[in-house]
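Enquirer: Quick one: structure below, then a few questions.
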Amino acid sequence: MSNDQFLTTRMFFREAVGRAVREEMEADDRVLVLGQDVGAFGGSYREFDGLFKIFGPERMRDTPVAEAAAVGIAAGAAAAGLRPLCVITYMDFLMIGFDALINYAAKLRYKSGGRLSAPLVVKTTAGAQGQGVAHSQCIEAWLISVPGLKVVAPSTPEDAYGLMKSALRSDGPVVYIDHKRLFPAPGNVPVAETVIPFGKAAIRRRGVDLTIVAHSYMVRVALETAGLLEAEDLSCEVVDLRSLAPMDVNTLCRSVERTGRLLTLEEGQVTCGIGTEVATRIFERIGVRPWIRVGALPAPVSSNPVLEAACVPNADRVAQAARTLAAR
Amino acid sequence: MSNDQFLTTRMFFREAVGRAVREEMEADDRVLVLGQDVGAFGGSYREFDGLFKIFGPERMRDTPVAEAAAVGIAAGAAAAGLRPLCVITYMDFLMIGFDALINYAAKLRYKSGGRLSAPLVVKTTAGAQGQGVAHSQCIEAWLISVPGLKVVAPSTPEDAYGLMKSALRSDGPVVYIDHKRLFPAPGNVPVAETVIPFGKAAIRRRGVDLTIVAHSYMVRVALETAGLLEAEDLSCEVVDLRSLAPMDVNTLCRSVERTGRLLTLEEGQVTCGIGTEVATRIFERIGVRPWIRVGALPAPVSSNPVLEAACVPNADRVAQAARTLAAR
Amino acid sequence: MSDALLPLRRMMLIRAFEDALAARKDHGFQLLSTGEEAVAVGLSLVLEDGDQLLTGGRSIGPALARGVDPGKLMAELLGRVAGVNRGRAGRGHLSDQESGFFGAHAVVGGNISIAAGVALERKLGGGNGIVAILFGDGASGAGGLYETLNIATLWHLPLLFVCNNNQLSVSTPREASNAAKELRDIGRAFAIPTALVDGLDVWAMAKVAGELVEHVRSGKGPAFLECSSLRLRSHSTTARETRSRDELAQLHKLCPIKLESARLLTEDQITNAGLEEMRADAARQIEDVMAFADASPYPEPEEVLAHVE
Amino acid sequence: MSDALLPLRRMMLIRAFEDALAARKDHGFQLLSTGEEAVAVGLSLVLEDGDQLLTGGRSIGPALARGVDPGKLMAELLGRVAGVNRGRAGRGHLSDQESGFFGAHAVVGGNISIAAGVALERKLGGGNGIVAILFGDGASGAGGLYETLNIATLWHLPLLFVCNNNQLSVSTPREASNAAKELRDIGRAFAIPTALVDGLDVWAMAKVAGELVEHVRSGKGPAFLECSSLRLRSHSTTARETRSRDELAQLHKLCPIKLESARLLTEDQITNAGLEEMRADAARQIEDVMAFADASPYPEPEEVLAHVE
Ligand SMILES: Cc1ncc(C[n+]2csc(CCOP(=O)(O)OP(=O)(O)O)c2C)c(N)n1
Ligand SMILES: Cc1ncc(C[n+]2csc(CCOP(=O)(O)OP(=O)(O)O)c2C)c(N)n1
Ligand SMILES: [Mg+2]
Ligand SMILES: [Mg+2]
């Protein structure tokens, strides 16, 4: 093997997504993309820039504004043997496609007794960036409670690349979640083709006093928090879930066993949230430790800059919670 | 005041629902019902028997099979000043109406700065009764994570009556959840008009060794379990949540403080479930106690009688968990 | 067996199958297609092996018409492991793609976009297989129908929309389900070929469906067929009947099996004895079917976690 | 002010308002209606005080046309507490029901059923107010439109469906959004009155909308109006433009304000100086509007938990 496997190249998050999709489309002609503005436009976040030129309108399919049918068509195509990537611009509108995703695709293998399955990937974006009450939600917690559904949410270009590739090879259905604020983020991505398997968390920063578990954009907030708290001699370990379902409970447990404290952080609601599930699974395994959950305040996310900022977690709020936790 | 306030009358759960709706329709002509087969047919579970005769097709409105529009129309009518009861036969299909319910109605007061609100009640049914993978789900946990949404789920005719009345008087939106297995259940309901306020749990059985917290049909399973375990000298307290959002954390805490142990029981998935939220809120307040969560196995609910029974909790499974818990 | 008798024989098999199923105490509940046999059989006469049919929850007749093994189907409906889906799908969700029955999905309107996805695979795969989606008059209220019609037309998908207008959606009559004068007007809005056919006449069904199937198979995109039929039983085996006995008695005179039998008699293509023998044949076949299903056990409870992922 | 000049004046106000807004650095991002002013203004000319208008996310022009206070609207769009919704709704969700603007809802197609609910209240309330719902060509792909059209027709709701066909849904041209030859064919499927109007001509808009409004107001149920207009800017102030400079320059010649100005000049109803003065008036008004908005503060962060329940 050449040294290529250790070489990396710098690219934006959105480019990493596009590269993964391109490679998988080149390798497997069953892969196709469908969604609004995925064709000549190149995707709402330019994440498909250039793909239309290569693959044309048959495999980069613009759909009308019809999320329910788009997910349904993707699910049916998957059941019939294709590997569609269905793009839903905002996670809020994934609700409109829930029937096909949850009532059909996620249950297909089960209900057919293993004779059919739906290797479908739904790619969507979560989180707040000035777009208001119906374009800012994070509802991944609902999804991880659905038997048969896999859910991943990268926080770096490298993971976006590797998880998207795994998603497109998975026998799904998979929901792959981007965050609006991550698309312009740069990062190092391996030059060689690599995949990141589902079910593996990543330790982003080592620490000894407490573990912050987060995913997607909140990993960056967690790292910022850890930076802030370093000055106060509070050492935070930051674990990036990456894959929410399946969840890497092993890595989580080992981290919390080391640090002895858990702070769960998410951009969505804490009620019945990801953090609560993370804590429960860890404590079921290793016994209870001091834990604080941080997430959005219990309010809709307004497009108003002041109210949006007040609603979703930021490093100050997380740091405050971490100090309280450390004092326990 | 007369003695009437202490008198009760025996009726089926479905009749108690119908009575509440009738009384509220008589008292407030802004209340109307819309949904599939709610008119001359009297409701899928006969819960509206007789109402069509009294109120006619304008106020008992049959809709086509169009859940998305039905919830949207109800939400718009509510915003404009009516008090619609929108009937969605199965909770699984409430997903189809999520956009109107969650993206519009639940956020309307917030986004309008308090100038508009949507006093809408969505009535639906959850749970398994031989109807298979797309007619059996319990997704109330998703709903309680939505800011602005109230969620109730009665387990007795009396509560069905009192909670439905509160729902129709609430400035909502409210999701009121029946369980398919409860409609034929008889019970005593006050003769006098009464309402049951939201946010009040009910202790259904006193016990000293552990607290079982449940809602809807699972309260009956909890009571059956408590009966079984009595013979083994294990004394279970059974708390019926009734109102999931808002949640009566006070009553829950007092019970768990007394018994020292918590078993949460629900028919839906435990992942990001109601039980996990119940435990978290209690322990945040009074500190951690031994806790076990019981719910459906992580699989779709088949219409197959063997697989359905194997998937959702029954008294034997709950008793087993309770014994494990008591031994901690 | 002469071709002339084939449709009647198939319709009789469906009727006998469903009657036998309905008589069982242990069937849970079922959505039967009495009165709608000609739609399923007529349509299936013009579908080919490489084609796929999808339906809503009222799936039994269409599955049989497509050639799903009756024994395995009965086992499925009774929850036995010999069923096409190991007894876990039931009437609402059964599938047997090898027989060209891609599956039922009991969410009204929910299977229409799924069918379009299957059609997209057919189109990209390059064969000349087509897909037919059978849905009810009730489903004409669901947005998924329109979204899918629109996309299927824009994309020239090989998809035949077949609306089995049995005049009822549970308790709601056709007129209260949809404001369109004819349900095929929905197809007309998207400028695709449409037809309205007497769905009680199995030969008319085959003829008109055949014309539209040809259009679809030729790669010209979707078409819309409205079939006027009758639901001669209550919505499900546990649902209340909303029509009077008299009204039902009148409707039963239009039973497609009666109509076809009468036609064959009038045209001297069969005798009364021949009809009787056909009925007896079907009954015998169903006896075997029941024996097969009954010989198969329920799944073990441990299977509950199989095939989740 | 003469009635003959009123529509132009209103269109100029919208244009000046949106241009001023677009020039601000602190507006987040906005969906402007340049090229579509005649649709909003023409429609509003025939709506009355007791009526309500609802829209998708492209709401600014329609809100102004309905008479929402420009100062409070600007404050809303800039996130200030003097806004019609205390600055928390923004372009996508603003409402001011007292002005007959029941609200925007930025979910494409999502506001259509909401509007039908408002119309149901109007109908049951017994007044003769009606509701108009303005949606785009893109929204014609959404199932909610069809579900609502069907129910509104069945229930004879006083609801006017107004499709502002500006030829684009983000990057998707009209032809790729909907297979119908004309978008009003969607209304035809449900057998309601429809019309197609040149949405660049404010007087034609008013006339044709007026006819349908009359139908709706008379209690005969809904109607469907397709307005052919143009989106002369990119989808949003942060979205990429997909058309060439040349193409856009050609399209700008069809700007409804230009067309109406030219008409008035040709018919000697106004002079060039008069036009200039009108433009200056609008500019002055917008200066006041900006001053009003800027004088208002952002909400306090503590307000984040207000009005949740
Ligand atoms: C989305 C959805 N809403 C409601 C139901 C309940 N339901 C089951 S069958 C049915 C009637 C459908 O009528 P139609 O489409 O005409 O089919 P038919 O029953 O006549 O075969 C209804 C409303 C459902 N299964 N799915
Ligand atoms: C359900 C939904 N899907 C996607 C979007 C993203 N989106 C916002 S505006 C828009 C275009 C809608 O086009 P059209 O209806 O023609 O309105 P226009 O923008 O032309 O005014 C889209 C796709 C959305 N807001 N809602
Ligand atoms: Mg029907
Ligand atoms: Mg448009």
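Labels for the structure tokens follow display order: chains A, B, ..., residues from 1 in each chain, ligands from 1.
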Using only C-alpha atoms and all ligand atoms, find each residue with an atom at most 8 Å away from ligand 3 and format the answer as a PyMOL selection string.
Expert: chain C and resi 136-139+164-170+174+231
Enquirer: Using 8 Å as the limit and counting only C-alpha atoms, can you tabulate each residue of chain B that touches chain A, with its shortest atom-to-atom distance in Å and the two atoms involved, as a tab-separated table?
Expert:
residue	atom	partner	partner_atom	distance
B:Asp92	CA	A:Asn103	CA	7.6
B:Phe93	CA	A:Asp99	CA	7.4
B:Met95	CA	A:Phe98	CA	6.3
B:Ile96	CA	A:Ile96	CA	6.2
B:Gly97	CA	A:Ile96	CA	7.9
B:Phe98	CA	A:Met95	CA	6.3
B:Asp99	CA	A:Ile96	CA	6.4
B:Asn103	CA	A:Ala134	CA	5.4
B:Tyr104	CA	A:Ala134	CA	7.9
B:Lys107	CA	A:Pro300	CA	6.4
B:Tyr110	CA	A:Pro300	CA	7.2
B:Lys111	CA	A:Ser302	CA	7.3
B:Val133	CA	A:Asn103	CA	7.1
B:Ala134	CA	A:Asn103	CA	5.4
B:Ala141	CA	A:Cys272	CA	6.5
B:Trp142	CA	A:Trp142	CA	5.7
B:Ile144	CA	A:Thr271	CA	7.3
B:Ser145	CA	A:Thr271	CA	5.1
B:Val146	CA	A:Gln269	CA	7.7
B:Pro147	CA	A:Ala299	CA	5.2
B:Gly148	CA	A:Ala299	CA	7.4
B:Gln269	CA	A:Ser145	CA	6.3
B:Val270	CA	A:Ser145	CA	7.6
B:Thr271	CA	A:Ser145	CA	5.1
B:Cys272	CA	A:Cys272	CA	4.6
B:Gly273	CA	A:Cys272	CA	5.9
B:Ile274	CA	A:Cys272	CA	6.9
B:Thr276	CA	A:Cys272	CA	7.0
B:Glu277	CA	A:Cys272	CA	5.5
B:Thr280	CA	A:Thr276	CA	7.5
B:Val288	CA	A:Val288	CA	7.8
B:Pro298	CA	A:Pro147	CA	5.5
B:Ala299	CA	A:Pro147	CA	5.2
B:Pro300	CA	A:Pro147	CA	6.4
B:Ser302	CA	A:Lys111	CA	7.3
Enquirer: Produce a table with one row for each residue of chain C that has an atom at most 9 Å from any atom of chain B, each row naming the nearest atom pair and its distance in Å at one decimal; use only C-alpha atoms; arrange rows by chain and rising residue number; format as JSON lines.
Expert:
{"residue": "C:Gly28", "atom": "CA", "partner": "B:Gly130", "partner_atom": "CA", "distance": 6.6}
{"residue": "C:Phe29", "atom": "CA", "partner": "B:Gly130", "partner_atom": "CA", "distance": 8.1}
{"residue": "C:Leu77", "atom": "CA", "partner": "B:Asn304", "partner_atom": "CA", "distance": 8.8}
{"residue": "C:Leu78", "atom": "CA", "partner": "B:Asn304", "partner_atom": "CA", "distance": 8.1}
{"residue": "C:Gly79", "atom": "CA", "partner": "B:Asn304", "partner_atom": "CA", "distance": 5.3}
{"residue": "C:Arg80", "atom": "CA", "partner": "B:Asn304", "partner_atom": "CA", "distance": 8.4}
{"residue": "C:Gly87", "atom": "CA", "partner": "B:Asn304", "partner_atom": "CA", "distance": 6.4}
{"residue": "C:Arg88", "atom": "CA", "partner": "B:Asn304", "partner_atom": "CA", "distance": 5.3}
{"residue": "C:Ala89", "atom": "CA", "partner": "B:Ser302", "partner_atom": "CA", "distance": 6.8}
{"residue": "C:Gly90", "atom": "CA", "partner": "B:Ser303", "partner_atom": "CA", "distance": 6.5}
{"residue": "C:Gly92", "atom": "CA", "partner": "B:Gly132", "partner_atom": "CA", "distance": 7.5}
{"residue": "C:His93", "atom": "CA", "partner": "B:Gly132", "partner_atom": "CA", "distance": 8.2}
{"residue": "C:His105", "atom": "CA", "partner": "B:Ala134", "partner_atom": "CA", "distance": 8.5}
{"residue": "C:Ala106", "atom": "CA", "partner": "B:Ala134", "partner_atom": "CA", "distance": 7.1}
{"residue": "C:Val107", "atom": "CA", "partner": "B:Ala134", "partner_atom": "CA", "distance": 7.0}
{"residue": "C:Val108", "atom": "CA", "partner": "B:Val65", "partner_atom": "CA", "distance": 7.3}
{"residue": "C:Gly109", "atom": "CA", "partner": "B:Val65", "partner_atom": "CA", "distance": 8.5}
{"residue": "C:Gly138", "atom": "CA", "partner": "B:Val65", "partner_atom": "CA", "distance": 6.1}
{"residue": "C:Ala139", "atom": "CA", "partner": "B:Val65", "partner_atom": "CA", "distance": 6.4}
{"residue": "C:Ser140", "atom": "CA", "partner": "B:Val65", "partner_atom": "CA", "distance": 7.9}
{"residue": "C:Gly141", "atom": "CA", "partner": "B:Val65", "partner_atom": "CA", "distance": 5.2}
{"residue": "C:Ala142", "atom": "CA", "partner": "B:Ala66", "partner_atom": "CA", "distance": 4.8}
{"residue": "C:Gly143", "atom": "CA", "partner": "B:Ala66", "partner_atom": "CA", "distance": 6.9}
{"residue": "C:Ser169", "atom": "CA", "partner": "B:Val65", "partner_atom": "CA", "distance": 8.2}
{"residue": "C:Val170", "atom": "CA", "partner": "B:Asp37", "partner_atom": "CA", "distance": 7.3}
{"residue": "C:Ser171", "atom": "CA", "partner": "B:Asp37", "partner_atom": "CA", "distance": 6.0}
{"residue": "C:Thr172", "atom": "CA", "partner": "B:Asp37", "partner_atom": "CA", "distance": 6.7}
{"residue": "C:Ala176", "atom": "CA", "partner": "B:Pro64", "partner_atom": "CA", "distance": 7.1}
{"residue": "C:Ser177", "atom": "CA", "partner": "B:Pro64", "partner_atom": "CA", "distance": 4.8}
{"residue": "C:Asn178", "atom": "CA", "partner": "B:Pro64", "partner_atom": "CA", "distance": 7.3}
{"residue": "C:Ala239", "atom": "CA", "partner": "B:Ser44", "partner_atom": "CA", "distance": 8.5}
{"residue": "C:Arg240", "atom": "CA", "partner": "B:Phe41", "partner_atom": "CA", "distance": 8.6}
{"residue": "C:Thr242", "atom": "CA", "partner": "B:Phe41", "partner_atom": "CA", "distance": 7.5}
{"residue": "C:Tyr298", "atom": "CA", "partner": "B:Val306", "partner_atom": "CA", "distance": 7.0}
{"residue": "C:Pro299", "atom": "CA", "partner": "B:Val306", "partner_atom": "CA", "distance": 6.8}
{"residue": "C:Glu300", "atom": "CA", "partner": "B:Val306", "partner_atom": "CA", "distance": 7.2}
{"residue": "C:Pro301", "atom": "CA", "partner": "B:Ala310", "partner_atom": "CA", "distance": 5.5}
{"residue": "C:Glu302", "atom": "CA", "partner": "B:Ala310", "partner_atom": "CA", "distance": 7.7}
{"residue": "C:Glu303", "atom": "CA", "partner": "B:Leu307", "partner_atom": "CA", "distance": 7.2}
{"residue": "C:Val304", "atom": "CA", "partner": "B:Leu307", "partner_atom": "CA", "distance": 5.3}
{"residue": "C:Leu305", "atom": "CA", "partner": "B:Ala299", "partner_atom": "CA", "distance": 6.0}
{"residue": "C:Ala306", "atom": "CA", "partner": "B:Ala299", "partner_atom": "CA", "distance": 8.4}
{"residue": "C:His307", "atom": "CA", "partner": "B:Ala299", "partner_atom": "CA", "distance": 8.8}
{"residue": "C:Val308", "atom": "CA", "partner": "B:Ala299", "partner_atom": "CA", "distance": 5.9}
Enquirer: Any chance you could list, as a ChimeraX atom specification, the residues in range 167-300 of chain B that come up strand (DSSP E or B) when DSSP is run on the backbone?
Expert: /B:174-179,186-190,202-205,210-214,236-240,243-245,262-269,291-296
Enquirer: Please check the contacts: residues of chain D at most 9 Å away from chain C, using only C-alpha atoms, listed as a ChimeraX atom specification.
Expert: /D:140-151,153-154,175-191
Enquirer: Those same residues - N, CA and C atoms - I'd like them written as a CSV table (one decimal), in the first residue's frame.
Expert:
chain,number,residue,atom,x,y,z
D,140,SER,N,-47.3,24.2,-6.4
D,140,SER,CA,-48.3,23.4,-7.1
D,140,SER,C,-47.8,21.9,-7.1
D,141,GLY,N,-46.6,21.7,-6.6
D,141,GLY,CA,-46.1,20.3,-6.5
D,141,GLY,C,-46.5,19.6,-5.2
D,142,ALA,N,-47.0,20.4,-4.3
D,142,ALA,CA,-47.3,20.0,-2.9
D,142,ALA,C,-48.7,19.4,-2.7
D,143,GLY,N,-48.8,18.2,-2.1
D,143,GLY,CA,-50.0,17.5,-1.9
D,143,GLY,C,-51.0,18.4,-1.2
D,144,GLY,N,-50.6,19.2,-0.3
D,144,GLY,CA,-51.5,20.0,0.5
D,144,GLY,C,-52.4,20.9,-0.3
D,145,LEU,N,-51.9,21.3,-1.5
D,145,LEU,CA,-52.7,22.2,-2.4
D,145,LEU,C,-54.0,21.4,-2.8
D,146,TYR,N,-53.7,20.1,-3.2
D,146,TYR,CA,-54.8,19.3,-3.8
D,146,TYR,C,-55.8,18.9,-2.7
D,147,GLU,N,-55.2,18.4,-1.6
D,147,GLU,CA,-56.1,18.0,-0.5
D,147,GLU,C,-57.0,19.2,-0.1
D,148,THR,N,-56.5,20.4,-0.1
D,148,THR,CA,-57.2,21.5,0.3
D,148,THR,C,-58.2,22.0,-0.7
D,149,LEU,N,-57.8,22.0,-2.0
D,149,LEU,CA,-58.7,22.3,-3.1
D,149,LEU,C,-60.0,21.4,-3.0
D,150,ASN,N,-59.7,20.1,-2.8
D,150,ASN,CA,-60.8,19.1,-2.8
D,150,ASN,C,-61.7,19.4,-1.6
D,151,ILE,N,-61.2,19.6,-0.5
D,151,ILE,CA,-62.1,19.8,0.7
D,151,ILE,C,-62.8,21.1,0.6
D,153,THR,N,-63.7,22.7,-2.0
D,153,THR,CA,-64.8,22.6,-3.0
D,153,THR,C,-65.9,21.8,-2.4
D,154,LEU,N,-65.6,20.7,-1.8
D,154,LEU,CA,-66.7,19.8,-1.2
D,154,LEU,C,-67.5,20.7,-0.1
D,175,GLU,N,-42.0,24.6,-15.8
D,175,GLU,CA,-42.3,23.3,-16.6
D,175,GLU,C,-41.8,22.1,-15.8
D,176,ALA,N,-40.8,22.3,-15.0
D,176,ALA,CA,-40.3,21.1,-14.3
D,176,ALA,C,-41.0,21.0,-12.9
D,177,SER,N,-41.8,21.9,-12.5
D,177,SER,CA,-42.5,21.9,-11.3
D,177,SER,C,-43.8,21.2,-11.4
D,178,ASN,N,-44.4,21.3,-12.6
D,178,ASN,CA,-45.8,20.8,-12.7
D,178,ASN,C,-46.1,20.4,-14.1
D,179,ALA,N,-46.7,19.2,-14.2
D,179,ALA,CA,-46.9,18.6,-15.6
D,179,ALA,C,-48.2,19.2,-16.2
D,180,ALA,N,-49.0,19.9,-15.4
D,180,ALA,CA,-50.2,20.4,-16.0
D,180,ALA,C,-49.9,21.5,-17.1
D,181,LYS,N,-50.7,21.5,-18.1
D,181,LYS,CA,-50.4,22.5,-19.2
D,181,LYS,C,-50.5,23.9,-18.7
D,182,GLU,N,-51.6,24.2,-18.0
D,182,GLU,CA,-51.7,25.4,-17.3
D,182,GLU,C,-51.9,25.0,-15.8
D,183,LEU,N,-51.4,25.9,-14.9
D,183,LEU,CA,-51.6,25.5,-13.5
D,183,LEU,C,-53.0,25.5,-13.1
D,184,ARG,N,-53.8,26.3,-13.7
D,184,ARG,CA,-55.2,26.4,-13.4
D,184,ARG,C,-56.0,25.1,-13.7
D,185,ASP,N,-55.4,24.2,-14.5
D,185,ASP,CA,-56.0,22.9,-14.8
D,185,ASP,C,-56.2,22.2,-13.4
D,186,ILE,N,-55.4,22.5,-12.5
D,186,ILE,CA,-55.5,21.9,-11.2
D,186,ILE,C,-56.9,22.2,-10.6
D,187,GLY,N,-57.2,23.5,-10.7
D,187,GLY,CA,-58.6,23.9,-10.3
D,187,GLY,C,-59.7,23.2,-11.1
D,188,ARG,N,-59.4,23.1,-12.4
D,188,ARG,CA,-60.4,22.6,-13.3
D,188,ARG,C,-60.8,21.1,-12.9
D,189,ALA,N,-59.8,20.4,-12.4
D,189,ALA,CA,-60.0,19.0,-12.0
D,189,ALA,C,-61.1,18.9,-11.0
D,190,PHE,N,-61.2,19.9,-10.2
D,190,PHE,CA,-62.3,19.9,-9.1
D,190,PHE,C,-63.5,20.7,-9.5
D,191,ALA,N,-63.5,21.0,-10.8
D,191,ALA,CA,-64.7,21.6,-11.4
D,191,ALA,C,-65.1,22.9,-10.7
Enquirer: Considering only C-alpha atoms, return as a PyMOL selection string whatever protein or nucleic-acid residues lie within 9 Å of Phe198 in chain B, sequence-local ones (same chain, fewer than 3 positions apart) excluded.
Expert: chain B and resi 150-152+163+166-167+201+242-248
Enquirer: Based on the selection just made, write N, CA, C and O atoms of those residues as a PDB file, in the first residue's frame.
Expert:
ATOM      1  N   LYS B 150     -49.486  20.636  24.082  1.00  0.00           N
ATOM      2  CA  LYS B 150     -49.887  19.908  25.291  1.00  0.00           C
ATOM      3  C   LYS B 150     -50.318  18.503  24.886  1.00  0.00           C
ATOM      4  O   LYS B 150     -50.892  18.314  23.809  1.00  0.00           O
ATOM      5  N   VAL B 151     -50.062  17.545  25.745  1.00  0.00           N
ATOM      6  CA  VAL B 151     -50.341  16.149  25.406  1.00  0.00           C
ATOM      7  C   VAL B 151     -50.961  15.440  26.599  1.00  0.00           C
ATOM      8  O   VAL B 151     -50.381  15.455  27.692  1.00  0.00           O
ATOM      9  N   VAL B 152     -52.125  14.832  26.395  1.00  0.00           N
ATOM     10  CA  VAL B 152     -52.765  14.065  27.467  1.00  0.00           C
ATOM     11  C   VAL B 152     -53.177  12.697  26.946  1.00  0.00           C
ATOM     12  O   VAL B 152     -53.427  12.511  25.754  1.00  0.00           O
ATOM     13  N   LEU B 163     -60.519  15.044  30.888  1.00  0.00           N
ATOM     14  CA  LEU B 163     -59.395  15.601  30.121  1.00  0.00           C
ATOM     15  C   LEU B 163     -59.857  16.126  28.766  1.00  0.00           C
ATOM     16  O   LEU B 163     -59.342  17.135  28.266  1.00  0.00           O
ATOM     17  N   SER B 166     -61.256  19.511  29.426  1.00  0.00           N
ATOM     18  CA  SER B 166     -60.175  20.492  29.605  1.00  0.00           C
ATOM     19  C   SER B 166     -59.522  20.829  28.272  1.00  0.00           C
ATOM     20  O   SER B 166     -59.195  21.986  28.006  1.00  0.00           O
ATOM     21  N   ALA B 167     -59.317  19.805  27.472  1.00  0.00           N
ATOM     22  CA  ALA B 167     -58.657  20.015  26.181  1.00  0.00           C
ATOM     23  C   ALA B 167     -59.454  21.000  25.336  1.00  0.00           C
ATOM     24  O   ALA B 167     -58.906  21.924  24.738  1.00  0.00           O
ATOM     25  N   ALA B 201     -51.119  14.229  37.802  1.00  0.00           N
ATOM     26  CA  ALA B 201     -51.069  12.769  37.744  1.00  0.00           C
ATOM     27  C   ALA B 201     -52.034  12.206  38.791  1.00  0.00           C
ATOM     28  O   ALA B 201     -52.519  12.931  39.652  1.00  0.00           O
ATOM     29  N   ARG B 242     -51.524  10.632  33.106  1.00  0.00           N
ATOM     30  CA  ARG B 242     -52.694  11.338  32.533  1.00  0.00           C
ATOM     31  C   ARG B 242     -52.271  12.467  31.596  1.00  0.00           C
ATOM     32  O   ARG B 242     -52.623  12.487  30.425  1.00  0.00           O
ATOM     33  N   SER B 243     -51.542  13.404  32.139  1.00  0.00           N
ATOM     34  CA  SER B 243     -51.088  14.536  31.342  1.00  0.00           C
ATOM     35  C   SER B 243     -49.586  14.385  31.163  1.00  0.00           C
ATOM     36  O   SER B 243     -48.836  14.316  32.133  1.00  0.00           O
ATOM     37  N   LEU B 244     -49.145  14.291  29.906  1.00  0.00           N
ATOM     38  CA  LEU B 244     -47.719  14.077  29.643  1.00  0.00           C
ATOM     39  C   LEU B 244     -46.992  15.405  29.495  1.00  0.00           C
ATOM     40  O   LEU B 244     -45.827  15.538  29.842  1.00  0.00           O
ATOM     41  N   ALA B 245     -47.684  16.364  28.949  1.00  0.00           N
ATOM     42  CA  ALA B 245     -47.131  17.717  28.839  1.00  0.00           C
ATOM     43  C   ALA B 245     -48.290  18.691  29.024  1.00  0.00           C
ATOM     44  O   ALA B 245     -49.169  18.708  28.167  1.00  0.00           O
ATOM     45  N   PRO B 246     -48.335  19.414  30.120  1.00  0.00           N
ATOM     46  CA  PRO B 246     -47.342  19.464  31.192  1.00  0.00           C
ATOM     47  C   PRO B 246     -47.341  18.188  32.045  1.00  0.00           C
ATOM     48  O   PRO B 246     -48.344  17.488  32.095  1.00  0.00           O
ATOM     49  N   MET B 247     -46.224  17.927  32.683  1.00  0.00           N
ATOM     50  CA  MET B 247     -46.048  16.717  33.486  1.00  0.00           C
ATOM     51  C   MET B 247     -46.064  17.090  34.967  1.00  0.00           C
ATOM     52  O   MET B 247     -45.463  18.085  35.363  1.00  0.00           O
ATOM     53  N   ASP B 248     -46.742  16.277  35.750  1.00  0.00           N
ATOM     54  CA  ASP B 248     -46.885  16.551  37.181  1.00  0.00           C
ATOM     55  C   ASP B 248     -45.682  15.987  37.943  1.00  0.00           C
ATOM     56  O   ASP B 248     -45.774  14.957  38.609  1.00  0.00           O
TER      57      ASP B 248
END
Enquirer: May I have all residues of range 141-266 of chain A that DSSP, computed from the backbone, assigns to helix (DSSP H, G or I), given as an MDAnalysis selection string?
Expert: chainID A and resid 141:144 157:169 180:182 218:230 249:259
Enquirer: Identify, on the basis of only C-alpha atoms, every residue whose closest approach to Ala119 in chain D does not exceed 10 Å; exclude the query and any residue fewer than 2 positions from it along the same chain; express the result as a VMD selection string.
Expert: (chain B and resid 73 76 to 77 80) or (chain D and resid 51 to 52 113 to 117 121 to 125 129 to 133 152 156 to 160 222)
Enquirer: Counting only C-alpha atoms, what is within 12 Å of range 287-297 of chain D, bar same-chain residues fewer than 5 positions away, as a ChimeraX atom specification?
Expert: /A:304,306 /D:13,16-21,23-24,26-27,69-84,86-87,280-282
Enquirer: Rounded to one decimal, what separation in Å do you get between CA of Val41 in chain C and atom 25 (N, counted along the ligand's line) of ligand 1?
Expert: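 Atom 25 (N, counted along the ligand's line) of ligand 1 lies at a distance of 23.5 Å from CA of Val41 in chain C.
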Enquirer: So that I can see what lies close to Arg10 in chain B, please list as a list in words the residues with an atom at most 10 Å from it, counting only C-alpha atoms and leaving out residues fewer than 3 positions away in the same chain.
Expert: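 So the residues in contact are Phe13, Glu15, Ala16, Pro157, Glu158, Pro186, Gly187, Asn188, Val189, Pro190 and Val191 of chain B.
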Enquirer: In Å, how far is it from CA of Met164 in chain B to CA of Val294 in chain B?
Expert: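 Distance reported for this atom pair: 27.5 Å.
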